[in-house]
Every structure is written in C-alpha cells, then in structure tokens.
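Containing compact mmCIF, C-alpha atoms: structure35.txt.
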# COMPACT_ATOMS: atom_id res chain seq x y z
CA MET A 63 15.98 20.90 20.34
CA PRO A 64 14.47 18.36 17.93
CA PHE A 65 13.74 14.92 19.37
CA PHE A 66 13.80 11.86 17.15
CA ARG A 67 12.80 8.30 18.00
CA LEU A 68 14.77 5.50 16.39
CA SER A 69 13.78 1.85 16.84
CA PHE A 70 16.09 -0.96 15.78
CA ASN A 71 15.02 -4.51 14.95
CA LYS A 72 11.33 -3.69 14.74
CA PRO A 73 9.45 -6.28 12.65
CA ALA A 74 7.59 -4.93 9.64
CA ARG A 75 3.95 -5.71 10.31
CA ARG A 76 1.90 -7.52 7.73
CA LYS A 77 -1.25 -5.95 6.34
CA THR A 78 -3.07 -9.28 6.70
CA LYS A 79 -4.78 -10.87 9.69
CA ARG A 80 -2.66 -10.95 12.83
CA PRO A 81 -1.06 -14.25 13.94
CA ASN A 82 -2.53 -16.46 16.64
CA CYS A 83 -1.56 -16.51 20.30
CA GLY A 84 2.17 -16.57 20.93
CA THR A 85 3.23 -16.26 17.30
CA ILE A 86 5.80 -13.59 16.54
CA ILE A 87 4.66 -11.12 13.91
CA LEU A 88 6.63 -12.05 10.84
CA GLY A 89 8.43 -9.69 8.51
CA ASN A 90 11.80 -8.17 7.78
CA LYS A 91 13.62 -6.32 10.52
CA MET A 92 13.13 -2.59 10.15
CA THR A 93 14.42 0.67 11.57
CA GLU A 94 11.78 3.14 12.73
CA ILE A 95 12.55 6.87 12.79
CA GLU A 96 9.83 8.92 14.48
CA ILE A 97 8.94 12.32 15.91
CA LYS A 98 5.99 13.38 18.04
CA ALA A 99 4.64 16.93 18.33
CA ARG A 100 1.83 18.65 20.20
CA VAL A 101 -1.20 19.79 18.21
CA THR A 102 -2.99 22.95 19.31
CA ASP A 103 -5.53 23.20 16.47
CA ARG A 104 -6.82 19.72 15.66
CA ALA A 105 -9.20 20.82 12.89
CA ALA A 106 -6.48 22.77 11.06
CA THR A 107 -3.99 19.90 11.39
CA GLU A 108 -6.52 17.35 10.13
CA ALA A 109 -7.29 19.57 7.12
CA ALA A 110 -3.57 19.88 6.38
CA LEU A 111 -3.11 16.11 6.58
CA ASP A 112 -6.06 15.52 4.23
CA GLY A 113 -4.37 17.82 1.72
CA MET A 114 -0.92 16.26 1.88
CA ALA A 115 -1.49 12.53 2.42
CA GLU A 116 -3.96 9.68 1.91
CA PHE A 117 -6.29 8.88 4.79
CA LYS A 118 -5.93 5.21 5.78
CA GLY A 119 -8.41 4.81 8.63
CA SER A 120 -8.85 5.06 12.37
CA VAL A 121 -7.98 2.87 15.33
CA THR A 122 -8.50 2.93 19.09
CA ARG A 123 -5.64 1.70 21.28
CA ASP A 124 -5.87 0.88 24.97
CA ASP A 125 -2.48 0.18 26.55
CA THR A 126 -1.85 -1.37 29.95
CA TYR A 127 1.73 -1.25 31.26
CA TRP A 128 2.75 -3.99 33.70
CA LYS A 129 5.92 -3.48 35.72
CA LYS A 130 8.12 -5.41 38.17
CA ASP A 131 11.68 -4.67 39.35
CA GLY A 132 12.33 -2.26 36.49
CA VAL A 133 11.02 -4.64 33.83
CA GLN A 134 7.97 -3.42 31.93
CA ILE A 135 5.74 -4.95 29.27
CA ARG A 136 2.73 -3.55 27.46
CA ILE A 137 -0.55 -5.20 26.54
CA ARG A 138 -2.33 -3.28 23.79
CA LYS A 139 -5.93 -3.81 22.71
CA GLU A 140 -6.72 -2.35 19.29
CA ILE A 141 -10.08 -1.77 17.63
CA LEU A 142 -9.97 -0.75 13.99
CA GLY A 143 -12.55 1.49 12.37
CA ASP A 144 -14.30 -1.56 10.89
CA GLY A 145 -14.62 -3.14 14.35
CA THR A 146 -11.76 -5.64 13.98
CA GLU A 147 -10.13 -6.30 17.36
CA SER A 148 -6.62 -7.50 18.19
CA THR A 149 -4.34 -7.75 21.22
CA LEU A 150 -0.57 -7.22 21.17
CA LEU A 151 2.13 -7.96 23.73
CA THR A 152 5.21 -5.72 23.51
CA TYR A 153 8.52 -5.73 25.34
CA LYS A 154 10.72 -2.75 24.58
CA ARG A 155 14.19 -1.77 25.76
CA LYS A 156 14.47 2.03 25.61
CA GLU A 157 17.54 4.23 25.55
CA LEU A 158 17.89 7.99 25.02
CA ARG A 159 20.99 9.15 23.16
CA ALA A 160 22.23 12.72 22.80
CA GLU A 161 23.69 13.41 19.38
CA ASP A 162 25.90 16.05 17.80
CA GLY A 163 23.94 19.20 17.05
CA GLY A 164 21.84 18.95 20.20
CA SER A 165 19.20 16.53 18.96
CA VAL A 166 18.01 13.65 21.13
CA MET A 167 17.24 10.21 19.74
CA GLU A 168 15.24 7.41 21.32
CA VAL A 169 16.71 4.02 20.43
CA ASN A 170 14.33 1.11 20.92
CA ASP A 171 14.89 -2.63 20.78
CA GLU A 172 11.30 -3.84 20.46
CA GLN A 173 9.90 -7.37 20.55
CA GLU A 174 6.21 -7.89 19.81
CA CYS A 175 3.72 -10.70 19.32
CA ALA A 176 -0.04 -11.04 18.97
CA ILE A 177 -2.12 -12.94 21.52
CA SER A 178 -5.69 -14.13 21.24
CA ARG A 179 -6.76 -13.04 24.76
CA ALA A 180 -5.17 -10.80 27.41
CA GLU A 181 -6.85 -12.33 30.46
CA PRO A 182 -4.67 -15.47 30.88
CA LEU A 183 -1.50 -13.41 30.55
CA GLU A 184 -2.78 -10.79 33.00
CA ALA A 185 -3.52 -13.53 35.53
CA PHE A 186 0.01 -14.84 35.15
CA LEU A 187 1.53 -11.38 35.52
CA LYS A 188 -0.38 -10.80 38.77
CA ASP A 189 0.80 -14.14 40.18
CA ALA A 190 4.38 -13.37 39.07
CA GLY A 191 4.37 -10.14 41.07
CA PHE A 192 3.77 -7.64 38.27
CA SER A 193 1.42 -4.73 38.87
CA VAL A 194 -0.27 -2.21 36.60
CA ALA A 195 1.95 0.88 36.39
CA LEU A 196 -0.09 2.88 33.90
CA ARG A 197 -3.03 2.79 31.51
CA LYS A 198 -3.20 4.83 28.31
CA HIS A 199 -6.02 5.41 25.84
CA LYS A 200 -5.37 6.71 22.34
CA ASP A 201 -7.77 7.52 19.49
CA VAL A 202 -5.86 7.59 16.22
CA LYS A 203 -6.48 8.73 12.65
CA ALA A 204 -3.79 7.66 10.20
CA TRP A 205 -2.54 9.00 6.86
CA ARG A 206 0.05 7.69 4.41
CA HIS A 207 2.36 10.13 2.62
CA SER A 208 3.86 9.57 -0.82
CA SER A 209 7.31 9.54 0.82
CA GLY A 210 6.30 6.37 2.66
CA ALA A 211 5.87 8.13 6.00
CA THR A 212 2.93 7.37 8.25
CA LEU A 213 1.25 10.32 9.98
CA GLU A 214 -1.01 9.69 12.97
CA LEU A 215 -3.20 12.32 14.60
CA CYS A 216 -3.64 11.07 18.15
CA ALA A 217 -5.98 12.11 20.93
CA VAL A 218 -4.47 11.02 24.26
CA PRO A 219 -6.68 12.00 27.20
CA PRO A 220 -6.05 13.94 29.37
CA LEU A 221 -2.91 15.15 27.55
CA GLY A 222 -4.54 16.46 24.38
CA ASP A 223 -3.69 15.96 20.70
CA PHE A 224 -0.39 14.93 19.12
CA LEU A 225 0.94 14.29 15.63
CA GLU A 226 3.23 11.28 15.29
CA ILE A 227 5.21 10.90 12.07
CA GLU A 228 7.27 7.79 11.39
CA ILE A 229 9.32 6.27 8.62
CA LEU A 230 10.19 2.57 8.48
CA SER A 231 13.38 1.67 6.65
CA ALA A 232 15.12 -1.59 5.86
CA ALA A 233 18.43 0.24 6.39
CA GLY A 234 19.59 1.87 9.61
CA ASP A 235 22.83 3.55 8.52
CA ASP A 236 23.56 7.19 9.34
CA SER A 237 22.84 8.40 5.82
CA THR A 238 19.40 6.78 5.78
CA VAL A 239 18.51 8.01 9.24
CA ASN A 240 19.64 11.57 8.49
CA GLY A 241 17.63 11.59 5.28
CA ALA A 242 14.56 10.36 7.15
CA ARG A 243 14.97 13.09 9.75
CA LYS A 244 14.84 15.76 7.08
CA ILE A 245 11.66 14.27 5.65
CA LEU A 246 10.04 14.12 9.09
CA LEU A 247 10.76 17.78 9.77
CA GLU A 248 9.51 18.79 6.32
CA LEU A 249 6.26 16.88 6.87
CA LEU A 250 5.85 18.47 10.28
CA LYS A 251 6.23 21.89 8.68
CA ASP A 252 3.76 21.00 5.92
CA ALA A 253 1.26 20.00 8.62
CA GLY A 254 1.54 23.52 10.03
CA ILE A 255 3.34 22.55 13.23
CA PRO A 256 6.59 24.31 14.29
CA GLU A 257 9.58 22.32 15.55
CA SER A 258 9.17 24.01 18.94
CA ARG A 259 6.16 21.77 19.58
CA ILE A 260 8.14 18.54 19.23
CA GLU A 261 7.67 16.57 22.44
CA GLY A 262 10.66 14.59 23.68
CA ARG A 263 9.04 12.93 26.67
CA TYR A 264 7.26 9.59 26.61
CA TYR A 265 3.49 9.55 26.93
CA SER A 266 3.97 7.60 30.14
CA GLU A 267 6.04 10.44 31.61
CA LEU A 268 3.47 13.03 30.59
CA LEU A 269 0.60 10.99 32.02
CA LYS A 270 2.37 10.42 35.32
CA GLU A 271 3.14 14.14 35.62
CA THR A 272 -0.45 15.08 34.84
CA LEU A 273 -1.96 12.54 37.23
CA SER A 274 0.50 13.53 39.96
CA ALA A 275 -0.40 17.21 39.53
CA ARG A 276 -4.09 16.41 39.70
CA GLU A 277 -3.63 14.39 42.87
CA GLN A 278 -1.60 17.17 44.46
CA LYS A 279 -4.30 19.68 43.54
CA ARG A 280 -6.93 17.43 45.06
CA GLN A 281 -4.97 17.11 48.30
CA ASP A 282 -4.44 20.88 48.48
CA ALA A 283 -8.10 21.67 47.94
CA PRO A 284 -9.89 22.94 51.08
CA LEU A 285 -12.24 20.49 52.74
Would you mind writing the structure in this file as structure tokens?
Amino acid sequence: MPFFRLSFNKPARRKTKRPNCGTIILGNKMTEIEIKARVTDRAATEAALDGMAEFKGSVTRDDTYWKKDGVQIRIRKEILGDGTESTLLTYKRKELRAEDGGSVMEVNDEQECAISRAEPLEAFLKDAGFSVALRKHKDVKAWRHSSGATLELCAVPPLGDFLEIEILSAAGDDSTVNGARKILLELLKDAGIPESRIEGRYYSELLKETLSAREQKRQDAPL
C-alpha cells in the first residue's frame, strides 16, 4: 500500500545563506508531499536519476534526536559539497492518517530555525532533562526534476540506500495533493523502483529495530 508524507505549514527555505541563531527561516508556508522507497541497486538508480533530472549537489546530514516525556526535537548538522556548514533545530508534530484506497499519509506540522552552534542548546537540553534518543547519519545526492520535484538518493547506515521524492506546493487542497501523488509515483517508476519498495516507516523506527536486533544477536552469541 503506497505511503505518502504530507507536511503542512513547512516554510519554504531560501537558497541564500541561512539566518543567524534563533531566527526563523523565512518564506511562504508550503505543503510538502513526499514518498520514500528502498533502493537495491544504487548505481542503476543514480544513472536513472542523471537521465531524468538535473543534479544539484551533495550534502551530509547528522541528526541528533533529543527526547523528554514524549516531546522530541532534532538538531541537524549539515555539510554541503562545497564545505559550507549549518545547524538546524526542528520541532515536528507527526500524525499518520489512513485514507480511502488504502494509502497512508504522514501529516507533519514542522517548525524549524537555524542556530549558529549546537553546543549551548545541547547543554540546556541536558540540564532540562532531555536525553539523546537516537542519532542518524545520512549522505545525500540531490536532483531537481522539471516537474519541480526534488529527488534525493540517500545512504543511511546501517539501513542502506533510499530514494526520497518530494514536491513542495503553496496549495494543500485535495486536488493539488492528489496530483502531486501521481507525479511522485510516476517519478518513482521512471527511476526504476517499484511501488512495493515504498517504505512507510520512519528512519527512526527502522534504526531502532536494526539496533535492537543487533543487540539481541550480541546477547545470544555464545561466550
């Protein structure tokens, strides 16, 4: 069953230098429609993307998730291909909604700002009782399609490779969202990936499952 991710009220990020500490990223409110699928042949997928979209560059993202009493925030450190570094603070309310036809949609209310340094905030979070729930590393190559969609080929150790495709729209009505869904599935097909590989779980869920399985295997190993 296809899984779509829909984010409401996500600011459209500027292409210019990120704001200073504590400043909200400016831009019009946008709706993000996204799917994520597993990639089994990275070389073939990358070749397909080169043939269907314009390569925009690479970025490394290191995410640290801090959690307390069910509240979670993310601190992301990004390094672009040219060496430019930035740090983002994100708070996201997530909700999964089942829709007619069997599809599942992730609805996100996301708030984000750029900060100059993570260390002062991390010190505050520790003193406030937050603890690190998860760390995630992602190496990303990005392409831009003529439809306006962004396609990201992501390596997420130890999970493997994924293709994320997203469309940002100023409108969030049903007609716009349904049209975007069709484009996402068409692009997925053009990239040579079947719908059966669409992954509906969060990376955090997949990482926790993988780490838990590894720990169980370690405990079961003979001494």
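Atom CA of A:Met114 to atom CA of A:Pro220 spans 28.1 Å [interatomic distance, one decimal].
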Note to self: For a quick check of understanding, using all atoms listed in the file, which of A:Ile137, A:Ile97, A:Leu196, A:Leu269 has the smallest distance to A:Gly222?
What the structure shows: A:Leu269
Next item on the list: Just give me the gap between atom CA of A:Asp236 and atom CA of A:Tyr153 in Å, one decimal is fine.
Entry: 25.5 Å
Note to self: Residues within 10 Å of stretch 205-217 of chain A, please, as a ChimeraX atom specification. Count all atoms listed in the file; anything in the same chain fewer than 2 positions from it doesn't count.
What the structure shows: /A:95-101,104,107-108,111-112,114-122,199-203,219-231,242,245-246,249-250,253
Write the residues of the selection above to a file with C-alpha atoms, as a tab-separated table (two decimals), in the coordinates of the input.
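Written out: again27.tsv:
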chain	number	residue	atom	x	y	z
A	95	ILE	CA	12.55	6.87	12.79
A	96	GLU	CA	9.83	8.92	14.48
A	97	ILE	CA	8.94	12.32	15.91
A	98	LYS	CA	5.99	13.38	18.04
A	99	ALA	CA	4.64	16.93	18.33
A	100	ARG	CA	1.83	18.65	20.20
A	101	VAL	CA	-1.20	19.79	18.21
A	104	ARG	CA	-6.82	19.72	15.66
A	107	THR	CA	-3.99	19.90	11.39
A	108	GLU	CA	-6.52	17.35	10.13
A	111	LEU	CA	-3.11	16.11	6.58
A	112	ASP	CA	-6.06	15.52	4.23
A	114	MET	CA	-0.92	16.26	1.88
A	115	ALA	CA	-1.49	12.53	2.42
A	116	GLU	CA	-3.96	9.68	1.91
A	117	PHE	CA	-6.29	8.88	4.79
A	118	LYS	CA	-5.93	5.21	5.78
A	119	GLY	CA	-8.41	4.81	8.63
A	120	SER	CA	-8.85	5.06	12.37
A	121	VAL	CA	-7.98	2.87	15.33
A	122	THR	CA	-8.50	2.93	19.09
A	199	HIS	CA	-6.02	5.41	25.84
A	200	LYS	CA	-5.37	6.71	22.34
A	201	ASP	CA	-7.77	7.52	19.49
A	202	VAL	CA	-5.86	7.59	16.22
A	203	LYS	CA	-6.48	8.73	12.65
A	219	PRO	CA	-6.68	12.00	27.20
A	220	PRO	CA	-6.05	13.94	29.37
A	221	LEU	CA	-2.91	15.15	27.55
A	222	GLY	CA	-4.54	16.46	24.38
A	223	ASP	CA	-3.69	15.96	20.70
A	224	PHE	CA	-0.39	14.93	19.12
A	225	LEU	CA	0.94	14.29	15.63
A	226	GLU	CA	3.23	11.28	15.29
A	227	ILE	CA	5.21	10.90	12.07
A	228	GLU	CA	7.27	7.79	11.39
A	229	ILE	CA	9.32	6.27	8.62
A	230	LEU	CA	10.19	2.57	8.48
A	231	SER	CA	13.38	1.67	6.65
A	242	ALA	CA	14.56	10.36	7.15
A	245	ILE	CA	11.66	14.27	5.65
A	246	LEU	CA	10.04	14.12	9.09
A	249	LEU	CA	6.26	16.88	6.87
A	250	LEU	CA	5.85	18.47	10.28
A	253	ALA	CA	1.26	20.00	8.62
Item checked: One-decimal distance in Å that lies between atom CA of A:Leu268 and atom CA of A:Glu184 ->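 These atoms are spaced 24.7 Å apart.
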Next item on the list: Have a look at A:Thr238, A:Ser178, A:Gln134, A:Thr102 and name the one nearest to A:Arg259; count only C-alpha atoms.
Entry: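 Result for the nearest residue to A:Arg259: A:Thr102.
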Next item on the list: Determine, counting all atoms listed in the file, which protein, DNA and RNA residues have an atom within 9 Å of an atom of A:Ala180; residues of the same chain fewer than 3 positions away are not included. Present the result as a list of chain:residue names.
Entry: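 Near neighbours after the sequence-gap exclusion: A:Ile137, A:Arg138, A:Lys139, A:Thr149, A:Leu150, A:Leu151, A:Ile177, A:Leu183, A:Glu184, A:Ala185.
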Notebook entry, point to check: Which is closer to A:Ile135 than all the others in A:Ala190, A:Ala195, A:Ala109, A:Ala176, using all atoms listed in the file?
Noted result: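 That would be A:Ala195, the residue with the smallest distance to A:Ile135.
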Shell of 7 Å around A:Ser193, only C-alpha atoms, local chain residues under 5 positions omitted, as a PDB file with C-alpha atoms, in the frame of the given file:
ATOM      1  CA  TRP A 128       2.750  -3.990  33.700  1.00  0.00           C
ATOM      2  CA  LYS A 129       5.920  -3.480  35.720  1.00  0.00           C
ATOM      3  CA  LYS A 130       8.120  -5.410  38.170  1.00  0.00           C
ATOM      4  CA  LYS A 188      -0.380 -10.800  38.770  1.00  0.00           C
TER       5      LYS A 188
END
Notebook entry, point to check: A:Ala110, A:Ile141, A:Lys198, A:Glu147: which is nearest A:Lys270, counting only C-alpha atoms?
Noted result: A:Lys198
